file structure_28.txt (compact mmCIF, C-alpha atoms)
# COMPACT_ATOMS: atom_id res chain seq x y z
CA MET A 1 1.80 -15.91 10.05
CA ALA A 2 3.49 -13.17 12.06
CA LYS A 3 5.60 -10.72 10.12
CA ARG A 4 9.33 -10.89 10.65
CA ASP A 5 11.36 -7.94 11.87
CA TYR A 6 12.31 -5.83 8.85
CA TYR A 7 15.97 -5.69 9.88
CA GLU A 8 15.98 -9.47 10.15
CA VAL A 9 14.40 -9.74 6.70
CA LEU A 10 17.21 -7.72 5.12
CA GLY A 11 19.88 -9.26 7.32
CA VAL A 12 21.16 -5.94 8.67
CA ASP A 13 21.75 -4.45 12.10
CA LYS A 14 19.30 -1.92 13.54
CA ASN A 15 22.03 0.70 13.30
CA ALA A 16 22.65 -0.03 9.63
CA SER A 17 23.22 2.96 7.37
CA ASP A 18 21.02 3.81 4.40
CA ASP A 19 23.66 2.45 2.03
CA GLU A 20 23.90 -0.83 3.95
CA ILE A 21 20.13 -1.22 3.81
CA LYS A 22 20.08 -0.50 0.08
CA LYS A 23 22.89 -2.98 -0.64
CA ALA A 24 21.20 -5.69 1.44
CA PHE A 25 17.93 -5.21 -0.42
CA ARG A 26 19.59 -5.29 -3.85
CA LYS A 27 21.34 -8.53 -2.95
CA LEU A 28 18.06 -10.18 -1.91
CA ALA A 29 16.17 -8.73 -4.87
CA VAL A 30 18.65 -10.24 -7.30
CA LYS A 31 18.60 -13.58 -5.51
CA TYR A 32 14.83 -13.95 -5.19
CA HIS A 33 13.54 -12.02 -8.20
CA PRO A 34 10.67 -14.00 -9.78
CA ASP A 35 12.26 -13.69 -13.23
CA LYS A 36 15.16 -15.76 -11.94
CA ASN A 37 12.90 -18.13 -10.02
CA PRO A 38 9.86 -18.79 -12.23
CA GLY A 39 7.14 -20.67 -10.41
CA ASP A 40 9.00 -20.63 -7.09
CA LYS A 41 6.41 -19.40 -4.59
CA GLU A 42 8.90 -19.31 -1.73
CA ALA A 43 11.24 -17.06 -3.71
CA GLU A 44 8.32 -14.83 -4.67
CA THR A 45 7.31 -14.53 -1.01
CA LYS A 46 10.87 -13.66 0.04
CA PHE A 47 11.10 -11.08 -2.74
CA LYS A 48 7.88 -9.38 -1.64
CA GLU A 49 8.97 -9.55 2.01
CA ALA A 50 12.32 -7.91 1.20
CA ASN A 51 10.62 -5.22 -0.87
CA GLU A 52 8.22 -4.38 1.96
CA ALA A 53 11.08 -4.19 4.46
CA TYR A 54 13.08 -1.92 2.17
CA GLU A 55 10.14 0.42 1.53
CA ILE A 56 9.81 0.98 5.28
CA LEU A 57 13.48 1.20 6.27
CA ARG A 58 14.46 3.50 3.39
CA ASP A 59 12.01 6.14 4.65
CA LYS A 60 13.41 8.04 7.63
CA GLN A 61 10.08 8.73 9.31
CA LYS A 62 8.66 5.25 8.75
CA ARG A 63 11.89 3.70 10.00
CA GLN A 64 11.71 5.83 13.14
CA ARG A 65 8.14 4.72 13.79
CA PHE A 66 9.02 1.07 13.14
CA ASP A 67 11.92 1.32 15.61
CA GLN A 68 9.59 2.81 18.21
CA PHE A 69 6.35 0.86 17.69
CA GLY A 70 7.21 -2.12 15.49
CA HIS A 71 4.84 -3.18 12.71
CA ALA A 72 1.99 -1.33 14.41
CA GLY A 73 3.79 1.94 13.66
CA VAL A 74 3.92 1.50 9.90
CA GLY A 75 0.39 0.62 8.93
CA GLY A 76 -0.20 -3.02 9.80
CA SER A 77 -0.30 -5.53 12.64
CA SER A 78 2.13 -8.40 12.98
CA SER A 79 -0.36 -10.65 11.25
CA GLY A 80 -0.41 -8.40 8.22
CA ALA A 81 -3.96 -7.15 8.73
CA GLY A 82 -4.75 -3.85 7.15
CA ASN A 83 -2.13 -4.12 4.41
CA PRO A 84 -2.96 -1.28 1.98
CA PHE A 85 -1.28 -3.08 -0.92
CA GLN A 86 -3.38 -6.20 -0.73
CA ASN A 87 -6.23 -6.78 -3.16
CA GLY A 88 -8.85 -9.42 -2.60
CA ASN A 89 -12.43 -10.26 -1.76
CA PHE A 90 -14.35 -8.68 1.07
CA ASN A 91 -17.80 -9.20 2.55
CA PHE A 92 -19.60 -6.26 4.09
CA ASN A 93 -23.13 -6.48 5.53
CA GLY A 94 -23.98 -9.32 3.19
CA GLN A 95 -22.70 -7.57 0.07
CA SER A 96 -19.73 -9.10 -1.70
CA PHE A 97 -16.96 -6.91 -3.06
CA GLN A 98 -13.70 -7.42 -4.82
CA PHE A 99 -11.05 -4.76 -4.34
CA ASP A 100 -8.61 -3.69 -7.00
CA PHE A 101 -6.28 -0.71 -6.96
CA GLY A 102 -6.85 1.68 -9.78
CA GLY A 103 -4.27 3.80 -11.47
CA GLY A 104 -2.68 1.37 -13.92
CA GLY A 105 0.38 2.77 -15.62
CA ALA A 106 3.97 1.89 -14.90
CA PHE A 107 3.35 0.46 -11.42
CA ASP A 108 0.86 -2.09 -12.74
CA ASP A 109 3.24 -2.89 -15.60
CA ILE A 110 6.04 -3.56 -13.12
CA LEU A 111 3.86 -5.82 -10.98
CA GLY A 112 2.67 -7.58 -14.09
CA SER A 113 6.18 -8.27 -15.30
CA ILE A 114 7.34 -9.42 -11.88
CA PHE A 115 4.43 -11.45 -10.59
CA GLY A 116 2.65 -12.43 -13.77
CA PHE A 117 -0.43 -10.26 -13.30
CA GLY A 118 -2.20 -9.48 -16.53
CA PRO A 119 -5.45 -8.11 -17.87
CA ARG A 120 -8.44 -10.31 -17.37
CA GLY A 121 -9.56 -11.99 -20.53
CA ARG A 122 -13.11 -11.37 -21.62
CA ARG A 123 -15.50 -14.30 -21.54
CA PRO A 124 -17.45 -15.12 -24.67
CA ALA A 125 -20.94 -13.61 -24.86
CA ARG A 126 -20.38 -11.54 -21.74
CA GLY A 127 -21.43 -7.95 -21.25
CA GLN A 128 -18.90 -5.14 -21.09
CA ASP A 129 -17.41 -4.17 -17.75
CA LEU A 130 -18.24 -0.59 -16.81
CA GLN A 131 -16.25 1.85 -14.71
CA THR A 132 -17.26 4.88 -12.70
CA GLN A 133 -15.85 6.91 -9.83
CA ILE A 134 -17.10 8.40 -6.58
CA THR A 135 -15.42 10.77 -4.15
CA ILE A 136 -15.91 10.47 -0.39
CA ASP A 137 -14.67 12.36 2.66
CA PHE A 138 -11.78 11.16 4.81
CA GLU A 139 -14.17 10.37 7.66
CA GLU A 140 -16.42 8.33 5.36
CA ALA A 141 -13.44 6.23 4.31
CA ILE A 142 -12.64 5.56 7.95
CA PHE A 143 -16.14 4.72 9.18
CA GLY A 144 -17.81 3.54 5.98
CA THR A 145 -20.75 5.06 4.14
CA THR A 146 -23.47 4.43 1.57
CA LYS A 147 -23.44 6.29 -1.74
CA ASN A 148 -25.79 6.47 -4.69
CA VAL A 149 -24.17 5.51 -7.98
CA ASP A 150 -25.96 6.30 -11.25
CA ILE A 151 -25.13 3.97 -14.11
CA HIS A 152 -27.06 3.40 -17.38
CA ASP A 153 -30.29 4.95 -16.05
CA GLU A 154 -30.09 2.91 -12.89
CA ASN A 155 -29.41 4.09 -9.35
CA ILE A 156 -27.39 1.71 -7.22
CA LYS A 157 -26.86 2.09 -3.47
CA LEU A 158 -23.22 1.28 -2.87
CA LYS A 159 -22.08 0.27 0.61
CA VAL A 160 -18.52 1.51 1.08
CA PRO A 161 -16.88 -0.45 3.89
CA ALA A 162 -15.01 1.17 6.75
CA GLY A 163 -11.28 1.36 6.13
CA ILE A 164 -11.31 1.61 2.34
CA PHE A 165 -8.24 3.23 0.78
CA ASP A 166 -8.01 6.03 -1.73
CA GLY A 167 -7.85 4.57 -5.23
CA GLN A 168 -9.40 1.20 -4.45
CA SER A 169 -12.14 -0.05 -6.74
CA ILE A 170 -15.20 -2.00 -5.67
CA ARG A 171 -16.45 -4.59 -8.15
CA ILE A 172 -20.19 -5.16 -8.21
CA ALA A 173 -20.92 -8.31 -10.16
CA GLY A 174 -23.63 -8.22 -12.81
CA LYS A 175 -24.13 -4.44 -12.80
CA GLY A 176 -22.19 -3.78 -15.99
CA GLY A 177 -23.23 -3.75 -19.63
CA GLU A 178 -25.85 -6.02 -21.14
CA ALA A 179 -24.58 -9.13 -22.90
CA PRO A 180 -25.52 -10.05 -26.46
CA ARG A 181 -28.00 -12.88 -26.92
CA GLY A 182 -28.93 -12.95 -23.25
CA GLY A 183 -25.46 -13.77 -21.97
CA GLN A 184 -23.94 -12.83 -18.62
CA LYS A 185 -23.92 -9.13 -17.79
CA GLY A 186 -20.61 -7.42 -17.18
CA ASP A 187 -19.42 -6.06 -13.86
CA LEU A 188 -19.36 -2.53 -12.52
CA TYR A 189 -16.11 -1.17 -11.09
CA VAL A 190 -16.49 1.82 -8.80
CA GLN A 191 -13.22 3.55 -8.00
CA VAL A 192 -13.26 5.32 -4.64
CA ARG A 193 -11.31 8.55 -4.25
CA VAL A 194 -10.85 10.01 -0.77
CA ARG A 195 -10.63 13.74 -0.17
CA ALA A 196 -7.58 14.96 1.73
CA HIS A 197 -8.18 15.90 5.37
CA LYS A 198 -7.22 19.25 6.84
CA TYR A 199 -5.26 17.75 9.74
CA PHE A 200 -4.81 14.02 9.18
CA THR A 201 -2.93 11.84 6.74
CA ARG A 202 -3.11 8.08 6.50
CA GLU A 203 -0.69 5.22 5.99
CA GLY A 204 -2.38 1.85 5.96
CA ASP A 205 -4.34 1.56 9.19
CA ILE A 206 -2.41 4.42 10.82
CA ILE A 207 -3.69 7.98 11.04
CA LEU A 208 -0.97 10.61 11.39
CA SER A 209 -1.09 14.15 12.72
CA GLU A 210 1.23 16.78 14.14
CA GLU A 211 1.05 18.94 17.24
CA LEU A 212 3.06 22.08 18.00
CA ILE A 213 3.97 22.85 21.63
CA THR A 214 6.02 25.55 23.25
CA MET A 215 9.63 25.18 24.28
CA ALA A 216 8.59 25.44 27.94
CA ASP A 217 5.94 22.72 27.57
CA ALA A 218 8.48 20.43 25.94
CA ALA A 219 10.97 21.00 28.74
CA LEU A 220 8.56 20.85 31.68
CA GLY A 221 5.96 18.45 30.31
CA CYS A 222 2.30 19.15 29.73
CA GLU A 223 -1.05 17.74 28.66
CA ILE A 224 -2.46 18.64 25.26
CA ASP A 225 -5.78 18.09 23.54
CA VAL A 226 -5.28 16.09 20.35
CA GLU A 227 -7.89 15.98 17.62
CA THR A 228 -8.53 12.42 16.44
CA ILE A 229 -11.06 10.93 14.06
CA ASP A 230 -13.07 9.99 17.17
CA GLY A 231 -12.95 13.45 18.74
CA THR A 232 -10.62 15.18 21.18
CA VAL A 233 -8.25 13.04 23.26
CA THR A 234 -6.07 14.39 26.09
CA MET A 235 -2.48 13.23 25.70
CA LYS A 236 0.35 13.55 28.22
CA VAL A 237 3.65 14.93 26.93
CA PRO A 238 6.42 14.06 29.39
CA ALA A 239 9.11 16.50 30.46
CA GLY A 240 12.10 16.63 28.17
CA THR A 241 10.21 15.65 25.02
CA GLN A 242 12.35 16.25 21.95
CA PRO A 243 11.14 17.66 18.61
CA GLY A 244 10.05 14.88 16.26
CA THR A 245 9.03 12.49 19.04
CA ASN A 246 6.12 10.20 18.14
CA PHE A 247 3.30 9.26 20.50
CA LYS A 248 0.83 6.44 19.80
CA LEU A 249 -2.87 6.62 20.58
CA SER A 250 -3.94 3.00 20.24
CA GLY A 251 -7.27 2.23 18.59
CA HIS A 252 -7.83 5.69 17.12
CA GLY A 253 -6.57 4.88 13.63
CA ALA A 254 -8.29 3.38 10.61
CA PRO A 255 -10.18 0.08 10.67
CA ARG A 256 -8.55 -2.93 9.10
CA LEU A 257 -10.65 -4.26 6.25
CA ASN A 258 -12.61 -7.36 7.18
CA SER A 259 -11.65 -6.90 10.82
CA THR A 260 -13.03 -5.22 13.94
CA GLU A 261 -9.55 -3.99 14.92
CA ARG A 262 -8.28 -0.47 14.31
CA GLY A 263 -4.77 0.80 13.93
CA PRO A 264 -3.21 3.59 16.01
CA HIS A 265 -3.19 7.35 15.66
CA ILE A 266 0.41 8.55 15.78
CA VAL A 267 1.08 12.12 16.88
CA THR A 268 4.41 13.76 16.03
CA ILE A 269 5.42 16.55 18.39
CA TYR A 270 7.16 19.66 17.10
CA VAL A 271 8.51 22.43 19.32
CA GLU A 272 7.94 26.09 18.62
CA ILE A 273 11.04 28.26 18.98
CA PRO A 274 10.00 31.82 19.91
CA LYS A 275 11.26 34.64 17.69
CA ASN A 276 10.28 37.78 19.58
CA LEU A 277 11.32 37.52 23.22
CA SER A 278 10.79 40.13 25.87
CA ARG A 279 13.78 41.37 27.83
CA LYS A 280 12.75 39.32 30.85
CA GLN A 281 12.38 36.17 28.77
CA LYS A 282 15.82 36.71 27.31
CA GLU A 283 17.32 37.14 30.76
CA ILE A 284 15.73 33.88 31.94
CA LEU A 285 17.08 32.00 28.93
CA GLN A 286 20.52 33.55 29.35
CA GLN A 287 20.52 32.43 32.98
CA PHE A 288 19.47 28.93 31.95
CA ARG A 289 22.20 28.76 29.32
CA SER A 290 24.89 29.90 31.73
CA THR A 291 23.97 27.28 34.35
CA LYS A 292 23.32 24.36 32.00
CA LYS A 293 25.95 21.65 32.25
CA ARG A 294 27.47 20.22 29.12
CA PHE A 295 26.73 16.56 28.50
CA TRP A 296 30.27 15.49 29.35
CA GLU A 297 30.32 17.25 32.70
call {"tool": "encode", "arguments": {"input": "structure_28.txt", "output": "structure tokens"}}
result
Amino acid sequence: MAKRDYYEVLGVDKNASDDEIKKAFRKLAVKYHPDKNPGDKEAETKFKEANEAYEILRDKQKRQRFDQFGHAGVGGSSSGAGNPFQNGNFNFNGQSFQFDFGGGGAFDDILGSIFGFGPRGRRPARGQDLQTQITIDFEEAIFGTTKNVDIHDENIKLKVPAGIFDGQSIRIAGKGGEAPRGGQKGDLYVQVRVRAHKYFTREGDIILSEELITMADAALGCEIDVETIDGTVTMKVPAGTQPGTNFKLSGHGAPRLNSTERGPHIVTIYVEIPKNLSRKQKEILQQFRSTKKRFWE
């Protein structure tokens, strides 16, 4: 099912203020909160939908990208693919995984109280679940990798699928502790941590970076070489580009789990204001300022 427009979800205008967005969300949260609607799946869906809309529209940069690019600008397609907050099962090259987000703490407690999530009960005569952690590079998280995991004197080759998120855990069934009296072995949970990248950050299936251009290039337009996870891409910056403008490079973002599609790479342009001008440069700028018409003229 296609995602609805976030403004439509909250019932506000696209020019709504931060306070109007907050009030609209609170109203919906009170109305559809699962504690007030136990067992009502429709209410639970509306509550989650409102929460997602609010998390995007409350953030100035994410709201700007949503206004410009829609759902593709905030880490997911209109079908919801690539949602970083979604756990579930995944099949990769014939190996079955189950993803869970690690971390625990207050966030898990909140989700548990709202949606009824709770710790998994242990089965009788079942081995203990084991946990370990690996750290991979940003590029490995994007393209996938294979890592060796040592657990109880055994080396396991772990296939890490392309598009995995920092903090996700991969469950490998039957690789945990031995069970008493020949019962079922426990599972192994491998939490994946992703090293920060020097230039890129990631939100869902979006990769984000920044580029600094000169004041003249912003005014006159230019072409710049942008580093992406796939290598260098030449991007056109049109004349009159304003600081903070976002440009989308489609297909250069992160893969969506269990999908062949990739999100975009979004480049934010910032303009360098020179500090030490020569006399000639100052004269040129003074001439420009004296001839520039005001917007009402």
call {"tool": "atom_distance", "arguments": {"input": "structure_28.txt", "atom1": "atom CA of Thr228 of chain A", "atom2": "atom CA of Phe143 of chain A"}}
result
13.0 Å
call {"tool": "closest_residue", "arguments": {"input": "structure_28.txt", "among": "A:Ala254, A:Ile151, A:Ala50, A:Ile21", "to": "Gly204 of chain A", "atoms": "all atoms listed in the file"}}
result
A:Ala254
call {"tool": "closest_residue", "arguments": {"input": "structure_28.txt", "among": "A:Val190, A:Ile156, A:Val12, A:Ile206", "to": "His71 of chain A", "atoms": "only C-alpha atoms"}}
result
A:Ile206
call {"tool": "residues_around", "arguments": {"input": "structure_28.txt", "residues": "Ala196 of chain A", "least_positions_apart": "5", "cutoff": "9 Å", "atoms": "all atoms listed in the file", "output": "list in words"}}
result
Asp137, Phe138 and Thr201 of chain A
call {"tool": "atom_distance", "arguments": {"input": "structure_28.txt", "atom1": "atom CA of Phe25 of chain A", "atom2": "atom CA of Pro38 of chain A"}}
result
19.7 Å
call {"tool": "axis_aligned_box", "arguments": {"input": "structure_28.txt", "around": "segment 23-30 of chain A", "padding_each_side": "4 Å", "output": "lines of an AutoDock Vina configuration file"}}
result
center_x = 19.5
center_y = -6.6
center_z = -2.9
size_x = 14.7
size_y = 15.3
size_z = 16.7
call {"tool": "atom_distance", "arguments": {"input": "structure_28.txt", "atom1": "atom CA of Thr145 of chain A", "atom2": "atom CA of Val192 of chain A"}}
result
11.5 Å
call {"tool": "closest_residue", "arguments": {"input": "structure_28.txt", "among": "A:Glu203, A:His197, A:Phe69, A:Gln128", "to": "Phe247 of chain A", "atoms": "only C-alpha atoms"}}
result
A:Phe69
call {"tool": "residues_around", "arguments": {"input": "structure_28.txt", "residues": "segment 51-66 of chain A", "least_positions_apart": "6", "cutoff": "12 Å", "atoms": "only C-alpha atoms", "output": "PyMOL selection string"}}
result
chain A and resi 3-30+32-33+44-45+72-78+80+83-85+203-204+206+208+244-248+264-268
call {"tool": "write_last_selection", "arguments": {"input": "structure_28.txt", "atoms": "C-alpha atoms", "output": "PDB file, in the frame of the given file"}}
result
ATOM      1  CA  LYS A   3       5.600 -10.720  10.120  1.00  0.00           C
ATOM      2  CA  ARG A   4       9.330 -10.890  10.650  1.00  0.00           C
ATOM      3  CA  ASP A   5      11.360  -7.940  11.870  1.00  0.00           C
ATOM      4  CA  TYR A   6      12.310  -5.830   8.850  1.00  0.00           C
ATOM      5  CA  TYR A   7      15.970  -5.690   9.880  1.00  0.00           C
ATOM      6  CA  GLU A   8      15.980  -9.470  10.150  1.00  0.00           C
ATOM      7  CA  VAL A   9      14.400  -9.740   6.700  1.00  0.00           C
ATOM      8  CA  LEU A  10      17.210  -7.720   5.120  1.00  0.00           C
ATOM      9  CA  GLY A  11      19.880  -9.260   7.320  1.00  0.00           C
ATOM     10  CA  VAL A  12      21.160  -5.940   8.670  1.00  0.00           C
ATOM     11  CA  ASP A  13      21.750  -4.450  12.100  1.00  0.00           C
ATOM     12  CA  LYS A  14      19.300  -1.920  13.540  1.00  0.00           C
ATOM     13  CA  ASN A  15      22.030   0.700  13.300  1.00  0.00           C
ATOM     14  CA  ALA A  16      22.650  -0.030   9.630  1.00  0.00           C
ATOM     15  CA  SER A  17      23.220   2.960   7.370  1.00  0.00           C
ATOM     16  CA  ASP A  18      21.020   3.810   4.400  1.00  0.00           C
ATOM     17  CA  ASP A  19      23.660   2.450   2.030  1.00  0.00           C
ATOM     18  CA  GLU A  20      23.900  -0.830   3.950  1.00  0.00           C
ATOM     19  CA  ILE A  21      20.130  -1.220   3.810  1.00  0.00           C
ATOM     20  CA  LYS A  22      20.080  -0.500   0.080  1.00  0.00           C
ATOM     21  CA  LYS A  23      22.890  -2.980  -0.640  1.00  0.00           C
ATOM     22  CA  ALA A  24      21.200  -5.690   1.440  1.00  0.00           C
ATOM     23  CA  PHE A  25      17.930  -5.210  -0.420  1.00  0.00           C
ATOM     24  CA  ARG A  26      19.590  -5.290  -3.850  1.00  0.00           C
ATOM     25  CA  LYS A  27      21.340  -8.530  -2.950  1.00  0.00           C
ATOM     26  CA  LEU A  28      18.060 -10.180  -1.910  1.00  0.00           C
ATOM     27  CA  ALA A  29      16.170  -8.730  -4.870  1.00  0.00           C
ATOM     28  CA  VAL A  30      18.650 -10.240  -7.300  1.00  0.00           C
ATOM     29  CA  TYR A  32      14.830 -13.950  -5.190  1.00  0.00           C
ATOM     30  CA  HIS A  33      13.540 -12.020  -8.200  1.00  0.00           C
ATOM     31  CA  GLU A  44       8.320 -14.830  -4.670  1.00  0.00           C
ATOM     32  CA  THR A  45       7.310 -14.530  -1.010  1.00  0.00           C
ATOM     33  CA  ALA A  72       1.990  -1.330  14.410  1.00  0.00           C
ATOM     34  CA  GLY A  73       3.790   1.940  13.660  1.00  0.00           C
ATOM     35  CA  VAL A  74       3.920   1.500   9.900  1.00  0.00           C
ATOM     36  CA  GLY A  75       0.390   0.620   8.930  1.00  0.00           C
ATOM     37  CA  GLY A  76      -0.200  -3.020   9.800  1.00  0.00           C
ATOM     38  CA  SER A  77      -0.300  -5.530  12.640  1.00  0.00           C
ATOM     39  CA  SER A  78       2.130  -8.400  12.980  1.00  0.00           C
ATOM     40  CA  GLY A  80      -0.410  -8.400   8.220  1.00  0.00           C
ATOM     41  CA  ASN A  83      -2.130  -4.120   4.410  1.00  0.00           C
ATOM     42  CA  PRO A  84      -2.960  -1.280   1.980  1.00  0.00           C
ATOM     43  CA  PHE A  85      -1.280  -3.080  -0.920  1.00  0.00           C
ATOM     44  CA  GLU A 203      -0.690   5.220   5.990  1.00  0.00           C
ATOM     45  CA  GLY A 204      -2.380   1.850   5.960  1.00  0.00           C
ATOM     46  CA  ILE A 206      -2.410   4.420  10.820  1.00  0.00           C
ATOM     47  CA  LEU A 208      -0.970  10.610  11.390  1.00  0.00           C
ATOM     48  CA  GLY A 244      10.050  14.880  16.260  1.00  0.00           C
ATOM     49  CA  THR A 245       9.030  12.490  19.040  1.00  0.00           C
ATOM     50  CA  ASN A 246       6.120  10.200  18.140  1.00  0.00           C
ATOM     51  CA  PHE A 247       3.300   9.260  20.500  1.00  0.00           C
ATOM     52  CA  LYS A 248       0.830   6.440  19.800  1.00  0.00           C
ATOM     53  CA  PRO A 264      -3.210   3.590  16.010  1.00  0.00           C
ATOM     54  CA  HIS A 265      -3.190   7.350  15.660  1.00  0.00           C
ATOM     55  CA  ILE A 266       0.410   8.550  15.780  1.00  0.00           C
ATOM     56  CA  VAL A 267       1.080  12.120  16.880  1.00  0.00           C
ATOM     57  CA  THR A 268       4.410  13.760  16.030  1.00  0.00           C
TER      58      THR A 268
END
call {"tool": "closest_residue", "arguments": {"input": "structure_28.txt", "among": "A:Gly177, A:Gly39, A:Pro34, A:Gly221", "to": "Pro238 of chain A", "atoms": "only C-alpha atoms"}}
result
A:Gly221
call {"tool": "decode", "arguments": {"input": "structure_28.txt", "residues": "segment 13-36 of chain A", "atoms": "N, CA and C atoms", "output": "PDB file, in the first residue's frame"}}
result
ATOM      1  N   ASP A  13      -1.888  21.796   6.759  1.00  0.00           N
ATOM      2  CA  ASP A  13      -1.473  22.388   5.495  1.00  0.00           C
ATOM      3  C   ASP A  13       0.041  22.293   5.345  1.00  0.00           C
ATOM      4  N   LYS A  14       0.537  22.340   4.120  1.00  0.00           N
ATOM      5  CA  LYS A  14       1.977  22.251   3.890  1.00  0.00           C
ATOM      6  C   LYS A  14       2.733  23.442   4.458  1.00  0.00           C
ATOM      7  N   ASN A  15       2.019  24.530   4.712  1.00  0.00           N
ATOM      8  CA  ASN A  15       2.652  25.702   5.316  1.00  0.00           C
ATOM      9  C   ASN A  15       2.447  25.752   6.822  1.00  0.00           C
ATOM     10  N   ALA A  16       2.029  24.655   7.408  1.00  0.00           N
ATOM     11  CA  ALA A  16       1.736  24.617   8.840  1.00  0.00           C
ATOM     12  C   ALA A  16       2.991  24.911   9.652  1.00  0.00           C
ATOM     13  N   SER A  17       2.808  25.599  10.770  1.00  0.00           N
ATOM     14  CA  SER A  17       3.924  25.907  11.651  1.00  0.00           C
ATOM     15  C   SER A  17       4.301  24.674  12.469  1.00  0.00           C
ATOM     16  N   ASP A  18       5.435  24.761  13.146  1.00  0.00           N
ATOM     17  CA  ASP A  18       5.872  23.654  14.001  1.00  0.00           C
ATOM     18  C   ASP A  18       4.854  23.377  15.095  1.00  0.00           C
ATOM     19  N   ASP A  19       4.297  24.439  15.666  1.00  0.00           N
ATOM     20  CA  ASP A  19       3.301  24.264  16.735  1.00  0.00           C
ATOM     21  C   ASP A  19       2.031  23.596  16.211  1.00  0.00           C
ATOM     22  N   GLU A  20       1.616  23.963  15.002  1.00  0.00           N
ATOM     23  CA  GLU A  20       0.424  23.346  14.416  1.00  0.00           C
ATOM     24  C   GLU A  20       0.651  21.859  14.142  1.00  0.00           C
ATOM     25  N   ILE A  21       1.841  21.527  13.697  1.00  0.00           N
ATOM     26  CA  ILE A  21       2.173  20.122  13.450  1.00  0.00           C
ATOM     27  C   ILE A  21       2.183  19.341  14.759  1.00  0.00           C
ATOM     28  N   LYS A  22       2.771  19.933  15.795  1.00  0.00           N
ATOM     29  CA  LYS A  22       2.832  19.264  17.092  1.00  0.00           C
ATOM     30  C   LYS A  22       1.431  19.054  17.668  1.00  0.00           C
ATOM     31  N   LYS A  23       0.575  20.063  17.580  1.00  0.00           N
ATOM     32  CA  LYS A  23      -0.785  19.943  18.108  1.00  0.00           C
ATOM     33  C   LYS A  23      -1.580  18.881  17.350  1.00  0.00           C
ATOM     34  N   ALA A  24      -1.402  18.848  16.024  1.00  0.00           N
ATOM     35  CA  ALA A  24      -2.122  17.860  15.216  1.00  0.00           C
ATOM     36  C   ALA A  24      -1.691  16.450  15.579  1.00  0.00           C
ATOM     37  N   PHE A  25      -0.392  16.265  15.794  1.00  0.00           N
ATOM     38  CA  PHE A  25       0.095  14.938  16.168  1.00  0.00           C
ATOM     39  C   PHE A  25      -0.432  14.519  17.540  1.00  0.00           C
ATOM     40  N   ARG A  26      -0.389  15.424  18.493  1.00  0.00           N
ATOM     41  CA  ARG A  26      -0.863  15.091  19.844  1.00  0.00           C
ATOM     42  C   ARG A  26      -2.332  14.681  19.823  1.00  0.00           C
ATOM     43  N   LYS A  27      -3.119  15.378  19.017  1.00  0.00           N
ATOM     44  CA  LYS A  27      -4.542  15.064  18.916  1.00  0.00           C
ATOM     45  C   LYS A  27      -4.744  13.646  18.387  1.00  0.00           C
ATOM     46  N   LEU A  28      -3.985  13.292  17.328  1.00  0.00           N
ATOM     47  CA  LEU A  28      -4.108  11.956  16.749  1.00  0.00           C
ATOM     48  C   LEU A  28      -3.544  10.891  17.685  1.00  0.00           C
ATOM     49  N   ALA A  29      -2.446  11.236  18.373  1.00  0.00           N
ATOM     50  CA  ALA A  29      -1.834  10.270  19.284  1.00  0.00           C
ATOM     51  C   ALA A  29      -2.781   9.904  20.416  1.00  0.00           C
ATOM     52  N   VAL A  30      -3.475  10.895  20.944  1.00  0.00           N
ATOM     53  CA  VAL A  30      -4.443  10.646  22.009  1.00  0.00           C
ATOM     54  C   VAL A  30      -5.607   9.802  21.494  1.00  0.00           C
ATOM     55  N   LYS A  31      -6.051  10.125  20.280  1.00  0.00           N
ATOM     56  CA  LYS A  31      -7.219   9.432  19.718  1.00  0.00           C
ATOM     57  C   LYS A  31      -6.918   7.975  19.398  1.00  0.00           C
ATOM     58  N   TYR A  32      -5.730   7.704  18.836  1.00  0.00           N
ATOM     59  CA  TYR A  32      -5.447   6.362  18.325  1.00  0.00           C
ATOM     60  C   TYR A  32      -4.448   5.573  19.173  1.00  0.00           C
ATOM     61  N   HIS A  33      -4.068   6.094  20.325  1.00  0.00           N
ATOM     62  CA  HIS A  33      -3.097   5.395  21.153  1.00  0.00           C
ATOM     63  C   HIS A  33      -3.594   3.982  21.466  1.00  0.00           C
ATOM     64  N   PRO A  34      -2.735   2.968  21.292  1.00  0.00           N
ATOM     65  CA  PRO A  34      -3.157   1.578  21.525  1.00  0.00           C
ATOM     66  C   PRO A  34      -3.701   1.317  22.922  1.00  0.00           C
ATOM     67  N   ASP A  35      -3.227   2.073  23.920  1.00  0.00           N
ATOM     68  CA  ASP A  35      -3.751   1.882  25.271  1.00  0.00           C
ATOM     69  C   ASP A  35      -5.232   2.226  25.372  1.00  0.00           C
ATOM     70  N   LYS A  36      -5.667   3.122  24.509  1.00  0.00           N
ATOM     71  CA  LYS A  36      -7.090   3.501  24.491  1.00  0.00           C
ATOM     72  C   LYS A  36      -7.884   2.656  23.511  1.00  0.00           C
TER      73      LYS A  36
END
